[in-house]
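*Asks:* As input, take target31.json (JSON, C-alpha atoms and all ligand atoms):
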[["chain", "number", "residue", "atom", "x", "y", "z"],
["O", 998, "MET", "CA", 25.75, -23.29, -28.72],
["O", 999, "GLY", "CA", 26.32, -19.53, -28.49],
["O", 1000, "LEU", "CA", 24.99, -16.85, -30.77],
["O", 1001, "ARG", "CA", 24.20, -19.15, -33.72],
["O", 1002, "SER", "CA", 22.12, -21.40, -31.50],
["O", 1003, "ASP", "CA", 20.32, -18.36, -30.02],
["O", 1004, "LEU", "CA", 19.57, -17.04, -33.52],
["O", 1005, "ARG", "CA", 18.13, -20.40, -34.59],
["O", 1006, "THR", "CA", 15.99, -20.49, -31.43],
["O", 1007, "ILE", "CA", 14.76, -16.91, -31.87],
["O", 1008, "ARG", "CA", 13.88, -17.61, -35.54],
["O", 1009, "HIS", "CA", 12.06, -20.77, -34.48],
["O", 1010, "MET", "CA", 10.12, -18.84, -31.83],
["O", 1011, "ALA", "CA", 9.29, -16.02, -34.23],
["O", 1012, "PHE", "CA", 8.10, -18.42, -36.96],
["O", 1013, "PRO", "CA", 7.07, -21.59, -35.11],
["O", 1014, "ARG", "CA", 5.98, -24.56, -37.20],
["O", 1015, "VAL", "CA", 3.07, -26.18, -35.45],
["O", 1016, "ALA", "CA", 1.04, -28.77, -37.35],
["O", 1017, "GLY", "CA", -1.02, -31.86, -36.59],
["O", 1018, "GLU", "CA", -4.42, -33.00, -35.42],
["O", 1019, "THR", "CA", -3.60, -33.98, -31.84],
["O", 1020, "PRO", "CA", -1.75, -32.09, -29.06],
["O", 1021, "ALA", "CA", 1.02, -34.74, -29.25],
["O", 1022, "GLU", "CA", 1.48, -34.27, -33.00],
["O", 1023, "ARG", "CA", 1.56, -30.50, -32.55],
["O", 1024, "MET", "CA", 4.21, -30.73, -29.81],
["O", 1025, "GLU", "CA", 6.43, -33.02, -31.88],
["O", 1026, "SER", "CA", 6.09, -30.76, -34.93],
["O", 1027, "TYR", "CA", 7.01, -27.75, -32.79],
["O", 1028, "TYR", "CA", 10.11, -29.35, -31.25],
["O", 1029, "ARG", "CA", 11.35, -31.54, -34.14],
["O", 1030, "ALA", "CA", 13.67, -28.86, -35.54],
["O", 1031, "ALA", "CA", 14.39, -27.18, -32.20],
["O", 1032, "ALA", "CA", 15.17, -29.94, -29.70],
["O", 1033, "GLY", "CA", 18.94, -29.71, -30.29],
["O", 1034, "ASP", "CA", 19.04, -25.99, -29.39],
["O", 1035, "TYR", "CA", 16.52, -26.24, -26.54],
["O", 1036, "ASP", "CA", 18.81, -26.44, -23.49],
["O", 1037, "ALA", "CA", 21.13, -23.51, -24.21],
["O", 1038, "PHE", "CA", 18.35, -20.91, -24.58],
["O", 1039, "ARG", "CA", 15.94, -22.32, -21.97],
["O", 1040, "GLU", "CA", 18.72, -22.24, -19.35],
["O", 1041, "ARG", "CA", 18.27, -18.42, -19.45],
["O", 1042, "LEU", "CA", 14.49, -18.37, -19.98],
["O", 1043, "LEU", "CA", 13.03, -21.02, -17.66],
["O", 1044, "HIS", "CA", 13.90, -19.90, -14.15],
["O", 1045, "GLY", "CA", 13.24, -21.74, -10.88],
["O", 1046, "ARG", "CA", 13.90, -25.23, -12.23],
["O", 1047, "ARG", "CA", 17.11, -25.78, -10.27],
["O", 1048, "GLU", "CA", 15.42, -24.56, -7.08],
["O", 1049, "LEU", "CA", 12.38, -26.78, -7.72],
["O", 1050, "MET", "CA", 14.53, -29.89, -8.05],
["O", 1051, "GLY", "CA", 16.44, -28.93, -4.91],
["O", 1052, "LEU", "CA", 13.15, -28.80, -2.98],
["O", 1053, "LEU", "CA", 12.04, -32.34, -3.88],
["O", 1054, "PRO", "CA", 11.69, -34.60, -0.85],
["O", 1055, "SER", "CA", 14.00, -37.49, -0.23],
["O", 1056, "VAL", "CA", 12.08, -40.74, -0.89],
["O", 1057, "PRO", "CA", 14.50, -43.69, -0.69],
["O", 1058, "GLY", "CA", 13.22, -46.47, -2.95],
["O", 1059, "GLY", "CA", 10.56, -44.14, -4.36],
["O", 1060, "HIS", "CA", 9.41, -43.38, -7.90],
["O", 1061, "LEU", "CA", 9.84, -39.89, -9.34],
["O", 1062, "VAL", "CA", 7.92, -39.05, -12.53],
["O", 1063, "GLU", "CA", 8.60, -35.90, -14.55],
["O", 1064, "MET", "CA", 5.70, -35.14, -16.88],
["O", 1065, "GLY", "CA", 6.64, -33.16, -20.00],
["O", 1066, "ALA", "CA", 10.29, -33.78, -19.15],
["O", 1067, "GLY", "CA", 11.62, -32.60, -22.51],
["O", 1068, "THR", "CA", 15.39, -33.05, -22.80],
["O", 1069, "GLY", "CA", 15.69, -34.40, -19.24],
["O", 1070, "SER", "CA", 17.90, -31.52, -18.12],
["O", 1071, "ASN", "CA", 16.15, -31.15, -14.76],
["O", 1072, "ILE", "CA", 17.48, -34.49, -13.53],
["O", 1073, "ALA", "CA", 20.97, -33.02, -13.80],
["O", 1074, "HIS", "CA", 19.88, -30.49, -11.14],
["O", 1075, "LEU", "CA", 19.24, -33.29, -8.62],
["O", 1076, "ASP", "CA", 22.36, -33.93, -6.63],
["O", 1077, "GLU", "CA", 23.84, -37.39, -7.25],
["O", 1078, "ARG", "CA", 22.97, -38.82, -3.83],
["O", 1079, "HIS", "CA", 19.36, -37.63, -4.13],
["O", 1080, "ARG", "CA", 19.03, -39.03, -7.66],
["O", 1081, "LYS", "CA", 20.37, -42.42, -6.63],
["O", 1082, "GLU", "CA", 17.91, -42.69, -3.71],
["O", 1083, "PHE", "CA", 14.98, -43.05, -6.10],
["O", 1084, "ARG", "CA", 14.29, -46.61, -7.24],
["O", 1085, "ALA", "CA", 13.09, -45.23, -10.55],
["O", 1086, "ILE", "CA", 12.90, -41.88, -12.32],
["O", 1087, "THR", "CA", 10.64, -41.74, -15.37],
["O", 1088, "LEU", "CA", 10.82, -38.94, -17.93],
["O", 1089, "VAL", "CA", 7.48, -38.74, -19.76],
["O", 1090, "ASP", "CA", 6.95, -36.66, -22.91],
["O", 1091, "VAL", "CA", 4.87, -36.66, -26.09],
["O", 1092, "SER", "CA", 7.72, -35.38, -28.26],
["O", 1093, "ALA", "CA", 10.01, -38.13, -29.58],
["O", 1094, "SER", "CA", 12.60, -35.52, -30.60],
["O", 1095, "MET", "CA", 12.84, -34.08, -27.09],
["O", 1096, "LEU", "CA", 12.97, -37.56, -25.55],
["O", 1097, "ASP", "CA", 15.77, -38.48, -27.95],
["O", 1098, "VAL", "CA", 17.90, -35.72, -26.41],
["O", 1099, "ALA", "CA", 16.86, -36.96, -22.95],
["O", 1100, "ARG", "CA", 17.71, -40.59, -23.77],
["O", 1101, "ARG", "CA", 21.19, -39.61, -25.01],
["O", 1102, "ARG", "CA", 21.73, -37.56, -21.82],
["O", 1103, "VAL", "CA", 20.69, -40.54, -19.67],
["O", 1104, "GLU", "CA", 23.08, -42.87, -21.55],
["O", 1105, "ARG", "CA", 25.95, -40.37, -21.46],
["O", 1106, "SER", "CA", 25.51, -39.72, -17.74],
["O", 1107, "GLY", "CA", 25.17, -43.40, -16.80],
["O", 1108, "TRP", "CA", 21.95, -42.78, -14.84],
["O", 1109, "ASP", "CA", 20.88, -46.40, -14.46],
["O", 1110, "ASN", "CA", 17.63, -45.62, -12.59],
["O", 1111, "VAL", "CA", 16.31, -43.17, -15.22],
["O", 1112, "GLU", "CA", 14.06, -44.18, -18.16],
["O", 1113, "THR", "CA", 12.30, -42.23, -20.90],
["O", 1114, "VAL", "CA", 8.70, -42.96, -21.90],
["O", 1115, "LEU", "CA", 6.84, -41.57, -24.92],
["O", 1116, "ALA", "CA", 3.37, -40.90, -23.47],
["O", 1117, "SER", "CA", 0.99, -38.14, -22.53],
["O", 1118, "ALA", "CA", 0.88, -36.68, -19.02],
["O", 1119, "THR", "CA", -2.85, -37.31, -19.06],
["O", 1120, "ASP", "CA", -2.60, -41.09, -19.46],
["O", 1121, "TYR", "CA", 0.90, -42.34, -18.50],
["O", 1122, "ARG", "CA", 0.74, -45.09, -15.85],
["O", 1123, "PRO", "CA", 3.71, -46.45, -13.88],
["O", 1124, "ARG", "CA", 4.05, -50.24, -13.99],
["O", 1125, "ASP", "CA", 3.30, -50.51, -10.25],
["O", 1126, "GLY", "CA", 0.51, -47.93, -10.55],
["O", 1127, "ARG", "CA", 1.89, -45.39, -8.05],
["O", 1128, "ALA", "CA", 4.32, -42.47, -7.95],
["O", 1129, "ASP", "CA", 5.89, -40.76, -4.93],
["O", 1130, "VAL", "CA", 6.83, -37.49, -6.61],
["O", 1131, "VAL", "CA", 5.43, -35.92, -9.79],
["O", 1132, "VAL", "CA", 7.17, -32.92, -11.39],
["O", 1133, "PHE", "CA", 5.82, -30.52, -14.03],
["O", 1134, "SER", "CA", 8.47, -28.00, -15.06],
["O", 1135, "TYR", "CA", 7.29, -25.49, -17.67],
["O", 1136, "ALA", "CA", 5.06, -28.24, -19.01],
["O", 1137, "LEU", "CA", 1.51, -27.44, -17.84],
["O", 1138, "THR", "CA", 1.46, -24.28, -19.99],
["O", 1139, "MET", "CA", 2.00, -26.49, -23.06],
["O", 1140, "MET", "CA", -0.79, -28.92, -22.16],
["O", 1141, "PRO", "CA", -4.24, -27.79, -23.36],
["O", 1142, "ASP", "CA", -5.81, -30.18, -20.81],
["O", 1143, "TRP", "CA", -3.51, -29.08, -17.99],
["O", 1144, "PHE", "CA", -6.27, -29.59, -15.39],
["O", 1145, "ALA", "CA", -6.62, -33.23, -16.56],
["O", 1146, "ALA", "CA", -2.84, -33.63, -16.26],
["O", 1147, "VAL", "CA", -2.96, -32.29, -12.68],
["O", 1148, "ASP", "CA", -5.88, -34.60, -11.83],
["O", 1149, "HIS", "CA", -4.05, -37.56, -13.37],
["O", 1150, "ALA", "CA", -0.91, -36.76, -11.35],
["O", 1151, "ARG", "CA", -3.03, -36.65, -8.21],
["O", 1152, "ALA", "CA", -4.51, -40.05, -9.03],
["O", 1153, "LEU", "CA", -1.02, -41.52, -9.53],
["O", 1154, "LEU", "CA", 0.45, -40.09, -6.33],
["O", 1155, "ARG", "CA", 0.33, -42.18, -3.17],
["O", 1156, "PRO", "CA", -1.24, -40.41, -0.16],
["O", 1157, "GLY", "CA", 1.43, -38.06, 1.20],
["O", 1158, "GLY", "CA", 3.13, -37.93, -2.22],
["O", 1159, "THR", "CA", 4.51, -34.68, -3.61],
["O", 1160, "ILE", "CA", 3.65, -32.63, -6.67],
["O", 1161, "ALA", "CA", 6.26, -30.04, -7.72],
["O", 1162, "VAL", "CA", 5.44, -27.48, -10.38],
["O", 1163, "CYS", "CA", 7.13, -24.44, -11.84],
["O", 1164, "ASP", "CA", 5.83, -22.49, -14.79],
["O", 1165, "PHE", "CA", 5.00, -19.13, -16.29],
["O", 1166, "TYR", "CA", 1.62, -17.73, -15.31],
["O", 1167, "VAL", "CA", -0.36, -14.53, -14.80],
["O", 1168, "SER", "CA", -2.39, -13.67, -11.74],
["O", 1169, "ARG", "CA", -6.13, -13.28, -11.71],
["O", 1170, "LYS", "CA", -7.39, -9.69, -11.86],
["O", 1171, "HIS", "CA", -8.60, -10.09, -8.27],
["O", 1172, "PRO", "CA", -6.50, -12.90, -6.76],
["O", 1173, "ALA", "CA", -7.69, -14.27, -3.43],
["O", 1174, "ARG", "CA", -4.04, -14.35, -2.31],
["O", 1175, "GLY", "CA", -0.54, -13.87, -3.65],
["O", 1176, "ALA", "CA", 0.74, -11.57, -6.35],
["O", 1177, "ARG", "CA", -1.55, -9.29, -8.35],
["O", 1178, "HIS", "CA", -0.09, -8.49, -11.77],
["O", 1179, "ALA", "CA", -0.64, -5.21, -13.57],
["O", 1180, "ALA", "CA", -3.12, -5.27, -16.48],
["O", 1181, "TRP", "CA", -0.37, -4.98, -19.12],
["O", 1182, "ARG", "CA", 1.34, -8.11, -17.74],
["O", 1183, "ARG", "CA", -1.93, -10.06, -17.59],
["O", 1184, "HIS", "CA", -2.67, -9.20, -21.23],
["O", 1185, "LEU", "CA", 0.75, -9.03, -22.85],
["O", 1186, "TRP", "CA", 2.37, -12.29, -21.72],
["O", 1187, "PRO", "CA", -0.47, -14.73, -22.56],
["O", 1188, "ALA", "CA", -0.72, -13.19, -26.06],
["O", 1189, "TRP", "CA", 3.06, -13.24, -26.51],
["O", 1190, "PHE", "CA", 3.56, -16.86, -25.45],
["O", 1191, "SER", "CA", 0.48, -18.28, -27.19],
["O", 1192, "HIS", "CA", 2.28, -17.63, -30.50],
["O", 1193, "ASN", "CA", 4.46, -20.61, -29.46],
["O", 1194, "ASP", "CA", 1.56, -22.70, -28.11],
["O", 1195, "VAL", "CA", 2.48, -21.81, -24.52],
["O", 1196, "PHE", "CA", -0.69, -20.85, -22.66],
["O", 1197, "LEU", "CA", -0.20, -18.80, -19.49],
["O", 1198, "SER", "CA", -3.10, -19.19, -17.10],
["O", 1199, "PRO", "CA", -4.38, -17.34, -14.04],
["O", 1200, "ASP", "CA", -5.89, -20.66, -12.86],
["O", 1201, "HIS", "CA", -2.87, -22.95, -12.35],
["O", 1202, "LEU", "CA", -2.07, -21.80, -8.83],
["O", 1203, "PRO", "CA", -5.67, -21.66, -7.54],
["O", 1204, "TYR", "CA", -6.29, -25.15, -9.00],
["O", 1205, "LEU", "CA", -3.10, -26.61, -7.51],
["O", 1206, "ARG", "CA", -4.01, -25.10, -4.13],
["O", 1207, "ALA", "CA", -7.48, -26.64, -4.41],
["O", 1208, "ARG", "CA", -6.22, -30.14, -5.28],
["O", 1209, "PHE", "CA", -3.17, -30.35, -2.97],
["O", 1210, "THR", "CA", -2.01, -29.13, 0.42],
["O", 1211, "ALA", "CA", 0.46, -26.36, -0.37],
["O", 1212, "ALA", "CA", 3.82, -26.83, 1.33],
["O", 1213, "ARG", "CA", 5.63, -24.05, -0.49],
["O", 1214, "VAL", "CA", 4.57, -21.41, -3.00],
["O", 1215, "ARG", "CA", 6.83, -18.79, -4.49],
["O", 1216, "GLU", "CA", 5.82, -16.21, -7.10],
["O", 1217, "SER", "CA", 8.47, -14.22, -8.89],
["O", 1218, "LEU", "CA", 9.49, -12.47, -12.10],
["O", 1219, "SER", "CA", 12.19, -13.71, -14.46],
["O", 1220, "PRO", "CA", 14.22, -11.94, -17.12],
["O", 1221, "VAL", "CA", 13.66, -12.87, -20.77],
["O", 1222, "PRO", "CA", 16.80, -13.09, -22.95],
["O", 1223, "TYR", "CA", 17.12, -10.08, -25.28],
["O", 1224, "LEU", "CA", 13.94, -8.39, -23.93],
["O", 1225, "PRO", "CA", 13.73, -5.50, -21.44],
["O", 1226, "ALA", "CA", 10.82, -7.08, -19.55],
["O", 1227, "ARG", "CA", 10.26, -9.73, -16.90],
["O", 1228, "VAL", "CA", 7.70, -12.52, -17.02],
["O", 1229, "PRO", "CA", 5.90, -13.95, -13.95],
["O", 1230, "TYR", "CA", 6.57, -17.53, -12.91],
["O", 1231, "TYR", "CA", 5.67, -19.61, -9.87],
["O", 1232, "LEU", "CA", 6.95, -22.56, -7.88],
["O", 1233, "PHE", "CA", 4.44, -24.82, -6.15],
["O", 1234, "ILE", "CA", 5.24, -27.78, -3.90],
["O", 1235, "GLY", "CA", 2.18, -29.61, -2.58],
["O", 1236, "THR", "CA", 1.26, -32.90, -1.00],
["O", 1237, "ARG", "CA", -1.61, -35.22, -1.74],
["O", 1238, "ASP", "CA", -3.85, -35.92, 1.28],
["D", 1301, "LIG", "C1", 8.81, -26.16, -22.32],
["D", 1301, "LIG", "S1", 9.11, -27.88, -22.39],
["D", 1301, "LIG", "C2", 9.67, -28.21, -20.72],
["D", 1301, "LIG", "C3", 10.65, -29.35, -20.69],
["D", 1301, "LIG", "C4", 11.29, -29.59, -19.33],
["D", 1301, "LIG", "N1", 10.32, -29.99, -18.34],
["D", 1301, "LIG", "C5", 12.06, -28.39, -18.85],
["D", 1301, "LIG", "O1", 11.84, -27.91, -17.73],
["D", 1301, "LIG", "O2", 12.95, -27.93, -19.60],
["D", 1301, "LIG", "C6", 7.48, -28.58, -22.38],
["D", 1301, "LIG", "C7", 7.51, -30.07, -22.67],
["D", 1301, "LIG", "O3", 6.19, -30.60, -22.41],
["D", 1301, "LIG", "C8", 5.94, -31.61, -23.40],
["D", 1301, "LIG", "N2", 4.49, -31.85, -23.44],
["D", 1301, "LIG", "C9", 3.53, -31.04, -23.92],
["D", 1301, "LIG", "N3", 2.32, -31.60, -23.77],
["D", 1301, "LIG", "C10", 2.53, -32.81, -23.18],
["D", 1301, "LIG", "C11", 1.68, -33.86, -22.74],
["D", 1301, "LIG", "N4", 0.35, -33.79, -22.88],
["D", 1301, "LIG", "N5", 2.23, -34.94, -22.16],
["D", 1301, "LIG", "C12", 3.57, -35.04, -21.99],
["D", 1301, "LIG", "N6", 4.44, -34.08, -22.39],
["D", 1301, "LIG", "C13", 3.92, -32.97, -22.97],
["D", 1301, "LIG", "C14", 6.54, -31.02, -24.66],
["D", 1301, "LIG", "O4", 6.75, -31.98, -25.66],
["D", 1301, "LIG", "C15", 7.83, -30.42, -24.12],
["D", 1301, "LIG", "O5", 8.89, -31.34, -24.16]]
Using the file provided, produce a representation of the structure as structure tokens.

*Replies:*
Amino acid sequence: MGLRSDLRTIRHMAFPRVAGETPAERMESYYRAAAGDYDAFRERLLHGRRELMGLLPSVPGGHLVEMGAGTGSNIAHLDERHRKEFRAITLVDVSASMLDVARRRVERSGWDNVETVLASATDYRPRDGRADVVVFSYALTMMPDWFAAVDHARALLRPGGTIAVCDFYVSRKHPARGARHAAWRRHLWPAWFSHNDVFLSPDHLPYLRARFTAARVRESLSPVPYLPARVPYYLFIGTRD
């Protein structure tokens, strides 16, 4: 916690160790040494997560799946009554180190309807085959095949089910709607984040709009700890027809 933890995180981000043949191996190698410090720094970097969880629909007896759930901190943003309404909440991630933090959080908190599953967002399948809500929170930007992950989520969702996404992004140069970011933003942030295998895309929002009926879209800018600049992020809530 505190300054020491921040310094470890900043060093890790400045000199990330990413190795491996597959996306899963690369993610685990990236997070192995950093999972313990993840929450403290990301609390100030990854904005909109609390709001996203507060916007999830109430589905008594339903199944909520968070893809790329990391340390499982988003579940703590669900209020207790809302969390308990779900029959099952599944936290899916390819990094065993991140899921280890999540598993300890689940045990500590006594969340008896929450499980962790080591799997990829492109091929995880619930036991009963269907999900009612799928969440991606700052996860699509770390998935090279993010469009396959979105398609897979759509296939898992029952008709009327909800997808909830928040992430960094940049706008297209000529967006059909929504925010239009200045050239420096569209060039700087993708280059900056790609150093840490985070790939900002101008295509997330248009693709989500094409695959789901948008119920709520919010585009905003968030501060970055220790930097005098703000990075664009979006919130998308959509339903499957
Ligand atoms: C920036 S973290 C976000 C964690 C969490 N959702 C949050 O909001 O704090 C991205 C997470 O996505 C996971 N991830 C990356 N690619 C994945 C994939 N193909 N399938 C499942 N998880 C993946 C990473 O291991 C990491 O835990």

*Asks:* Throw together the list of residues within 6 Å of ligand LIG 1301 (chain D), counting all atoms listed in the file, and drop it here as a ChimeraX atom specification.

*Replies:* /O:1024,1064-1067,1089-1092,1095,1117-1118,1134-1136,1139-1140

*Asks:* With a distance cut-off of 8 Å and all atoms listed in the file, select the neighbouring residues of Ser1002 in chain O, excluding the residue or stretch itself and same-chain residues fewer than 4 positions from it, and output the selection as a list in words.

*Replies:*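 The residues that qualify are Met998, Thr1006, Asp1034, Ala1037 and Phe1038 of chain O.
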
*Asks:* With all atoms listed in the file as the basis for distance, which of O:Arg1080, O:Arg1029, O:His1044, O:Arg1208 is at the shortest distance from Pro1229 in chain O?

*Replies:*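 Among the listed residues, O:His1044 lies closest to Pro1229 in chain O.
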
*Asks:* Box along x, y and z, 8 Å on every side, all listed atoms of range 1051-1066 of chain O inside: centre and edge lengths in Å to one decimal, as JSON.

*Replies:*
{"center_x": 11.1, "center_y": -37.6, "center_z": -10.1, "size_x": 26.7, "size_y": 33.7, "size_z": 35.8}

*Asks:* Name all residues at most 8 Å from Glu1063 in chain O (count only C-alpha atoms; drop same-chain ones fewer than 4 positions away) and give them as a ChimeraX atom specification.

*Replies:* /O:1086-1089,1131-1134

*Asks:* Counting all atoms listed in the file, find residues at most 10 Å from (15.2, -37.2, -11.0) (file frame) and give them as a PyMOL selection string.

*Replies:* chain O and resi 1050+1053+1060-1063+1069-1077+1079-1083+1085-1088+1108+1110-1111+1130-1132

*Asks:* Would you please work out which residue, of O:Pro1187, O:Pro1172, O:Gly1157, O:Pro1222, is nearest to Phe1209 in chain O when using all atoms listed in the file?

*Replies:* O:Gly1157

*Asks:* From the list O:Thr1236, O:Val1098, O:Gly1126, O:Leu1137, which residue is nearest Pro1156 in chain O when using only C-alpha atoms?

*Replies:*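 Nearest candidate to Pro1156 in chain O out of O:Thr1236, O:Val1098, O:Gly1126, O:Leu1137: O:Thr1236.
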
*Asks:* So how far away is CA of Val1195 in chain O from CA of Ala1207 in chain O, in Å?

*Replies:*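 Computed distance, CA of Ala1207 in chain O to CA of Val1195 in chain O, equals 23.0 Å.
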
*Asks:* Give as a PyMOL selection string the set of residues within 8 Å of the point (9.3, -13.6, -11.5), where distances use the file's coordinates and only C-alpha atoms.

*Replies:* chain O and resi 1216-1220+1227-1231

*Asks:* Looking at O:Arg1177, O:Asp1036, O:Thr1119, O:Leu1000, which one is nearest to Arg1102 in chain O, with distances taken over only C-alpha atoms?

*Replies:*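 Distance minimum relative to Arg1102 in chain O lands on O:Asp1036.
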
*Asks:* Smallest atom-to-atom distance to Arg1100 in chain O: which of O:Asp1003, O:Asp1164, O:Glu1112, O:Glu1025, using all atoms listed in the file?

*Replies:*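 Residue with the minimum atom-to-atom distance to Arg1100 in chain O: O:Glu1112.
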
*Asks:* Excluding Tyr1035 in chain O and residues on its chain fewer than 4 positions from it, collect all residues at most 8 Å away from it, counting all atoms listed in the file, and give them as a ChimeraX atom specification.

*Replies:* /O:1006,1031,1039,1068

*Asks:* Distance CA of Thr1159 in chain O-CA of Arg1237 in chain O, one decimal place?

*Replies:*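 We find that CA of Thr1159 in chain O and CA of Arg1237 in chain O lie 6.4 Å from each other.
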
*Asks:* What is the CA of Asp1120 in chain O-CA of Leu1049 in chain O distance in Å, reported with one decimal?

*Replies:*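 Value for the CA of Asp1120 in chain O-CA of Leu1049 in chain O distance: 23.8 Å.
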
*Asks:* Calculated over all atoms listed in the file, which of the candidates O:Val1221, O:Asp1238, O:Asp1142, O:Gly1107 has the smallest distance to Arg1155 in chain O?

*Replies:*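 Checking each of O:Val1221, O:Asp1238, O:Asp1142, O:Gly1107 against Arg1155 in chain O, counting all atoms listed in the file, the winner is O:Asp1238.
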